[in-house]
Amino acid sequence: MSTIKPRATVLMIKGDSILMIHRFRDGNEYYVLPGGGVEAGETPELATLRELKEETSILGKIEQRVADFTDKEGRNHQIFLCTRIAGEPKLSDDSPEKMKQTETNTYEPKWVEIDSLPSLVIWPEGTKDFLVKQFNL
């Protein structure tokens with residue numbers, strides 16, 4: 001039986017915007033919070049900070065866990081509120097995501113206005129509900 005790696009995710013706020021990854025993949029356009037799978041021997045907190053740096057080139061500090069939910073596939077998601085220490089959104093040069101970029105698979109880290117969240121396609125399922133509630137949208 002295979003187990004699904006838990007996902008550790010960043011919620012970072014700057015003014016009226018939050019940090020997201022704008023994705024185009026195989027004809028689908030959507031947004032995700034920066035984050036990814038927790039590796040063996042890694043805590044969700046360490047995975048959160050690693051993924052933040054890989055996917056956005058931003059160094060951050062975890063303030064607190066703000067959400068913990070399981071999606072319909074049985075994957076656990078933990079969302080951590082983080083503050084920015086340094087850096088601006090861009091894929092790091094050694095990011096696995098940068099190496100996977102193609103014409104049909106792109107990653108663009110960027111600040112997204114909070115008020116626009118209800119109109120966006122946000123994956124994975126459950127993240128948009130969390131964000132809409134978090135920001136009373």
# chains A, B, ... in the order shown; residues from 1 in each chain; ligands from 1
call {"tool": "select_by_dssp", "arguments": {"residues": "stretch 44-113 of chain A", "states": "alpha helix (DSSP H)", "output": "list in words"}}
result
Pro44, Glu45, Leu46, Ala47, Thr48, Leu49, Arg50, Glu51, Leu52, Lys53, Glu54, Glu55, Thr56, Pro96, Glu97, Lys98, Met99 and Lys100 of chain A
call {"tool": "select_by_dssp", "arguments": {"residues": "stretch 38-75 of chain A", "states": "strand (DSSP E or B)", "output": "list of chain:residue names"}}
result
A:Leu59, A:Gly60, A:Lys61, A:Ile62, A:Glu63, A:Gln64, A:Arg65, A:Val66, A:Ala67, A:Asp68, A:Phe69, A:Thr70
call {"tool": "atom_distance", "arguments": {"atom1": "atom CA of A:Ile21", "atom2": "atom CA of A:Gln64"}}
result
21.0 Å
call {"tool": "residues_around", "arguments": {"residues": "stretch 117-127 of chain A", "least_positions_apart": "4", "cutoff": "7 Å", "atoms": "only C-alpha atoms", "output": "MDAnalysis selection string"}}
result
chainID A and resid 30:32 71 131:132
call {"tool": "write_last_selection", "arguments": {"atoms": "all heavy atoms", "output": "CSV table (one decimal), in the first residue's frame"}}
result
chain,number,residue,atom,x,y,z
A,30,TYR,N,-4.2,27.7,-13.2
A,30,TYR,CA,-4.6,27.7,-11.8
A,30,TYR,C,-3.6,28.3,-10.9
A,30,TYR,O,-2.5,28.6,-11.4
A,30,TYR,CB,-5.0,26.3,-11.4
A,30,TYR,CG,-3.9,25.2,-11.5
A,30,TYR,CD1,-3.1,24.9,-10.4
A,30,TYR,CD2,-3.7,24.6,-12.7
A,30,TYR,CE1,-2.1,24.0,-10.5
A,30,TYR,CE2,-2.7,23.6,-12.8
A,30,TYR,CZ,-1.9,23.3,-11.7
A,30,TYR,OH,-0.9,22.4,-11.8
A,31,TYR,N,-3.9,28.4,-9.7
A,31,TYR,CA,-3.0,29.0,-8.7
A,31,TYR,C,-2.8,28.0,-7.5
A,31,TYR,O,-3.8,27.3,-7.2
A,31,TYR,CB,-3.5,30.3,-8.1
A,31,TYR,CG,-3.5,31.4,-9.1
A,31,TYR,CD1,-4.5,31.6,-10.1
A,31,TYR,CD2,-2.5,32.4,-9.0
A,31,TYR,CE1,-4.4,32.6,-11.0
A,31,TYR,CE2,-2.4,33.4,-9.9
A,31,TYR,CZ,-3.4,33.5,-10.9
A,31,TYR,OH,-3.4,34.6,-11.8
A,32,VAL,N,-1.7,28.0,-6.9
A,32,VAL,CA,-1.4,27.2,-5.7
A,32,VAL,C,-0.6,28.0,-4.7
A,32,VAL,O,0.1,28.9,-5.2
A,32,VAL,CB,-0.6,25.8,-6.0
A,32,VAL,CG1,-1.4,24.9,-6.9
A,32,VAL,CG2,0.7,26.1,-6.6
A,71,ASP,N,-7.6,16.2,2.0
A,71,ASP,CA,-8.4,16.3,0.7
A,71,ASP,C,-9.0,15.0,0.4
A,71,ASP,O,-8.9,14.0,1.1
A,71,ASP,CB,-7.5,16.9,-0.4
A,71,ASP,CG,-6.4,15.9,-0.9
A,71,ASP,OD1,-6.5,14.7,-0.6
A,71,ASP,OD2,-5.4,16.4,-1.5
A,131,LEU,N,-8.9,29.8,2.1
A,131,LEU,CA,-8.5,31.2,1.9
A,131,LEU,C,-9.7,32.2,2.0
A,131,LEU,O,-9.6,33.2,2.5
A,131,LEU,CB,-7.8,31.4,0.6
A,131,LEU,CG,-6.4,30.7,0.5
A,131,LEU,CD1,-5.9,30.7,-1.0
A,131,LEU,CD2,-5.4,31.4,1.4
A,132,VAL,N,-10.8,31.7,1.4
A,132,VAL,CA,-12.0,32.6,1.4
A,132,VAL,C,-12.5,32.8,2.8
A,132,VAL,O,-12.8,33.9,3.2
A,132,VAL,CB,-13.1,31.9,0.5
A,132,VAL,CG1,-14.5,32.6,0.8
A,132,VAL,CG2,-12.7,32.0,-1.0
call {"tool": "closest_residue", "arguments": {"among": "A:Ala40, A:Ala8, A:Leu19, A:Leu33", "to": "A:Glu88", "atoms": "only C-alpha atoms"}}
result
A:Leu19
call {"tool": "atom_distance", "arguments": {"atom1": "atom CA of A:Ile85", "atom2": "atom CA of A:Leu52"}}
result
11.5 Å
call {"tool": "residues_around", "arguments": {"residues": "A:Ile13", "least_positions_apart": "3", "cutoff": "12 Å", "atoms": "only C-alpha atoms", "output": "NGL selection string"}}
result
:A and (10 or 16-20 or 33 or 60 or 63 or 80-84 or 110-114 or 131 or 134-135)
call {"tool": "residues_around", "arguments": {"residues": "A:Ile4", "least_positions_apart": "6", "cutoff": "10 Å", "atoms": "only C-alpha atoms", "output": "ChimeraX atom specification"}}
result
/A:37-38,73-76
call {"tool": "decode", "arguments": {"residues": "stretch 23-36 of chain A", "atoms": "all heavy atoms", "output": "PDB file, in the first residue's frame"}}
result
ATOM      1  N   ARG A  23       0.114  28.799 -12.253  1.00  0.00           N
ATOM      2  CA  ARG A  23       0.493  27.617 -13.024  1.00  0.00           C
ATOM      3  C   ARG A  23      -0.279  27.538 -14.331  1.00  0.00           C
ATOM      4  O   ARG A  23      -1.471  27.847 -14.376  1.00  0.00           O
ATOM      5  CB  ARG A  23       0.164  26.336 -12.231  1.00  0.00           C
ATOM      6  CG  ARG A  23       0.938  26.106 -10.962  1.00  0.00           C
ATOM      7  CD  ARG A  23       2.391  25.748 -11.184  1.00  0.00           C
ATOM      8  NE  ARG A  23       2.650  24.854 -12.298  1.00  0.00           N
ATOM      9  CZ  ARG A  23       2.642  23.529 -12.254  1.00  0.00           C
ATOM     10  NH1 ARG A  23       2.401  22.889 -11.126  1.00  0.00           N
ATOM     11  NH2 ARG A  23       2.898  22.814 -13.327  1.00  0.00           N
ATOM     12  N   PHE A  24       0.414  27.119 -15.358  1.00  0.00           N
ATOM     13  CA  PHE A  24      -0.205  26.662 -16.595  1.00  0.00           C
ATOM     14  C   PHE A  24       0.330  25.261 -16.789  1.00  0.00           C
ATOM     15  O   PHE A  24       1.549  25.052 -16.829  1.00  0.00           O
ATOM     16  CB  PHE A  24       0.199  27.539 -17.793  1.00  0.00           C
ATOM     17  CG  PHE A  24      -0.434  28.895 -17.782  1.00  0.00           C
ATOM     18  CD1 PHE A  24       0.229  29.973 -17.225  1.00  0.00           C
ATOM     19  CD2 PHE A  24      -1.702  29.097 -18.317  1.00  0.00           C
ATOM     20  CE1 PHE A  24      -0.341  31.229 -17.209  1.00  0.00           C
ATOM     21  CE2 PHE A  24      -2.291  30.349 -18.305  1.00  0.00           C
ATOM     22  CZ  PHE A  24      -1.604  31.417 -17.742  1.00  0.00           C
ATOM     23  N   ARG A  25      -0.578  24.287 -16.860  1.00  0.00           N
ATOM     24  CA  ARG A  25      -0.136  22.897 -17.006  1.00  0.00           C
ATOM     25  C   ARG A  25      -1.114  22.150 -17.897  1.00  0.00           C
ATOM     26  O   ARG A  25      -2.292  22.005 -17.562  1.00  0.00           O
ATOM     27  CB  ARG A  25      -0.065  22.222 -15.639  1.00  0.00           C
ATOM     28  CG  ARG A  25       0.478  20.832 -15.703  1.00  0.00           C
ATOM     29  CD  ARG A  25       0.662  20.273 -14.320  1.00  0.00           C
ATOM     30  NE  ARG A  25       1.193  18.932 -14.394  1.00  0.00           N
ATOM     31  CZ  ARG A  25       1.270  18.117 -13.377  1.00  0.00           C
ATOM     32  NH1 ARG A  25       0.865  18.510 -12.183  1.00  0.00           N
ATOM     33  NH2 ARG A  25       1.758  16.917 -13.527  1.00  0.00           N
ATOM     34  N   ASP A  26      -0.605  21.710 -19.033  1.00  0.00           N
ATOM     35  CA  ASP A  26      -1.384  20.903 -19.972  1.00  0.00           C
ATOM     36  C   ASP A  26      -2.747  21.528 -20.277  1.00  0.00           C
ATOM     37  O   ASP A  26      -3.777  20.865 -20.246  1.00  0.00           O
ATOM     38  CB  ASP A  26      -1.552  19.481 -19.443  1.00  0.00           C
ATOM     39  CG  ASP A  26      -0.215  18.801 -19.197  1.00  0.00           C
ATOM     40  OD1 ASP A  26       0.726  19.053 -19.977  1.00  0.00           O
ATOM     41  OD2 ASP A  26      -0.091  18.037 -18.220  1.00  0.00           O
ATOM     42  N   GLY A  27      -2.744  22.836 -20.546  1.00  0.00           N
ATOM     43  CA  GLY A  27      -3.970  23.532 -20.912  1.00  0.00           C
ATOM     44  C   GLY A  27      -4.796  24.044 -19.745  1.00  0.00           C
ATOM     45  O   GLY A  27      -5.820  24.692 -19.954  1.00  0.00           O
ATOM     46  N   ASN A  28      -4.391  23.766 -18.523  1.00  0.00           N
ATOM     47  CA  ASN A  28      -5.115  24.246 -17.341  1.00  0.00           C
ATOM     48  C   ASN A  28      -4.372  25.418 -16.717  1.00  0.00           C
ATOM     49  O   ASN A  28      -3.153  25.378 -16.573  1.00  0.00           O
ATOM     50  CB  ASN A  28      -5.239  23.137 -16.290  1.00  0.00           C
ATOM     51  CG  ASN A  28      -6.084  21.987 -16.776  1.00  0.00           C
ATOM     52  OD1 ASN A  28      -7.219  22.171 -17.201  1.00  0.00           O
ATOM     53  ND2 ASN A  28      -5.528  20.787 -16.751  1.00  0.00           N
ATOM     54  N   GLU A  29      -5.123  26.452 -16.331  1.00  0.00           N
ATOM     55  CA  GLU A  29      -4.555  27.590 -15.622  1.00  0.00           C
ATOM     56  C   GLU A  29      -5.108  27.577 -14.205  1.00  0.00           C
ATOM     57  O   GLU A  29      -6.320  27.466 -14.000  1.00  0.00           O
ATOM     58  CB  GLU A  29      -4.937  28.899 -16.305  1.00  0.00           C
ATOM     59  CG  GLU A  29      -4.415  30.114 -15.564  1.00  0.00           C
ATOM     60  CD  GLU A  29      -4.852  31.428 -16.194  1.00  0.00           C
ATOM     61  OE1 GLU A  29      -5.662  31.418 -17.141  1.00  0.00           O
ATOM     62  OE2 GLU A  29      -4.392  32.476 -15.718  1.00  0.00           O
ATOM     63  N   TYR A  30      -4.213  27.675 -13.225  1.00  0.00           N
ATOM     64  CA  TYR A  30      -4.646  27.670 -11.832  1.00  0.00           C
ATOM     65  C   TYR A  30      -3.567  28.268 -10.942  1.00  0.00           C
ATOM     66  O   TYR A  30      -2.469  28.579 -11.406  1.00  0.00           O
ATOM     67  CB  TYR A  30      -5.014  26.255 -11.369  1.00  0.00           C
ATOM     68  CG  TYR A  30      -3.911  25.240 -11.479  1.00  0.00           C
ATOM     69  CD1 TYR A  30      -3.094  24.942 -10.393  1.00  0.00           C
ATOM     70  CD2 TYR A  30      -3.686  24.552 -12.670  1.00  0.00           C
ATOM     71  CE1 TYR A  30      -2.085  23.989 -10.492  1.00  0.00           C
ATOM     72  CE2 TYR A  30      -2.670  23.604 -12.775  1.00  0.00           C
ATOM     73  CZ  TYR A  30      -1.878  23.327 -11.683  1.00  0.00           C
ATOM     74  OH  TYR A  30      -0.884  22.403 -11.780  1.00  0.00           O
ATOM     75  N   TYR A  31      -3.891  28.432  -9.666  1.00  0.00           N
ATOM     76  CA  TYR A  31      -2.970  28.975  -8.677  1.00  0.00           C
ATOM     77  C   TYR A  31      -2.828  27.979  -7.530  1.00  0.00           C
ATOM     78  O   TYR A  31      -3.782  27.268  -7.212  1.00  0.00           O
ATOM     79  CB  TYR A  31      -3.503  30.294  -8.102  1.00  0.00           C
ATOM     80  CG  TYR A  31      -3.473  31.429  -9.083  1.00  0.00           C
ATOM     81  CD1 TYR A  31      -4.457  31.559 -10.059  1.00  0.00           C
ATOM     82  CD2 TYR A  31      -2.451  32.376  -9.042  1.00  0.00           C
ATOM     83  CE1 TYR A  31      -4.427  32.609 -10.967  1.00  0.00           C
ATOM     84  CE2 TYR A  31      -2.422  33.423  -9.939  1.00  0.00           C
ATOM     85  CZ  TYR A  31      -3.409  33.536 -10.897  1.00  0.00           C
ATOM     86  OH  TYR A  31      -3.372  34.567 -11.793  1.00  0.00           O
ATOM     87  N   VAL A  32      -1.651  27.956  -6.926  1.00  0.00           N
ATOM     88  CA  VAL A  32      -1.406  27.163  -5.721  1.00  0.00           C
ATOM     89  C   VAL A  32      -0.605  28.016  -4.745  1.00  0.00           C
ATOM     90  O   VAL A  32       0.121  28.930  -5.150  1.00  0.00           O
ATOM     91  CB  VAL A  32      -0.635  25.850  -6.008  1.00  0.00           C
ATOM     92  CG1 VAL A  32      -1.437  24.920  -6.898  1.00  0.00           C
ATOM     93  CG2 VAL A  32       0.725  26.119  -6.602  1.00  0.00           C
ATOM     94  N   LEU A  33      -0.744  27.712  -3.476  1.00  0.00           N
ATOM     95  CA  LEU A  33       0.153  28.305  -2.494  1.00  0.00           C
ATOM     96  C   LEU A  33       1.498  27.605  -2.630  1.00  0.00           C
ATOM     97  O   LEU A  33       1.547  26.412  -2.940  1.00  0.00           O
ATOM     98  CB  LEU A  33      -0.394  28.111  -1.080  1.00  0.00           C
ATOM     99  CG  LEU A  33      -1.673  28.870  -0.740  1.00  0.00           C
ATOM    100  CD1 LEU A  33      -2.197  28.446   0.630  1.00  0.00           C
ATOM    101  CD2 LEU A  33      -1.446  30.376  -0.781  1.00  0.00           C
ATOM    102  N   PRO A  34       2.602  28.304  -2.411  1.00  0.00           N
ATOM    103  CA  PRO A  34       3.898  27.629  -2.462  1.00  0.00           C
ATOM    104  C   PRO A  34       3.934  26.485  -1.449  1.00  0.00           C
ATOM    105  O   PRO A  34       3.436  26.612  -0.331  1.00  0.00           O
ATOM    106  CB  PRO A  34       4.887  28.723  -2.054  1.00  0.00           C
ATOM    107  CG  PRO A  34       4.177  30.005  -2.298  1.00  0.00           C
ATOM    108  CD  PRO A  34       2.724  29.718  -2.076  1.00  0.00           C
ATOM    109  N   GLY A  35       4.503  25.379  -1.853  1.00  0.00           N
ATOM    110  CA  GLY A  35       4.595  24.243  -0.949  1.00  0.00           C
ATOM    111  C   GLY A  35       4.794  22.957  -1.703  1.00  0.00           C
ATOM    112  O   GLY A  35       4.877  22.943  -2.927  1.00  0.00           O
ATOM    113  N   GLY A  36       4.865  21.880  -0.962  1.00  0.00           N
ATOM    114  CA  GLY A  36       5.054  20.592  -1.594  1.00  0.00           C
ATOM    115  C   GLY A  36       5.114  19.478  -0.577  1.00  0.00           C
ATOM    116  O   GLY A  36       4.822  19.678   0.604  1.00  0.00           O
TER     117      GLY A  36
END
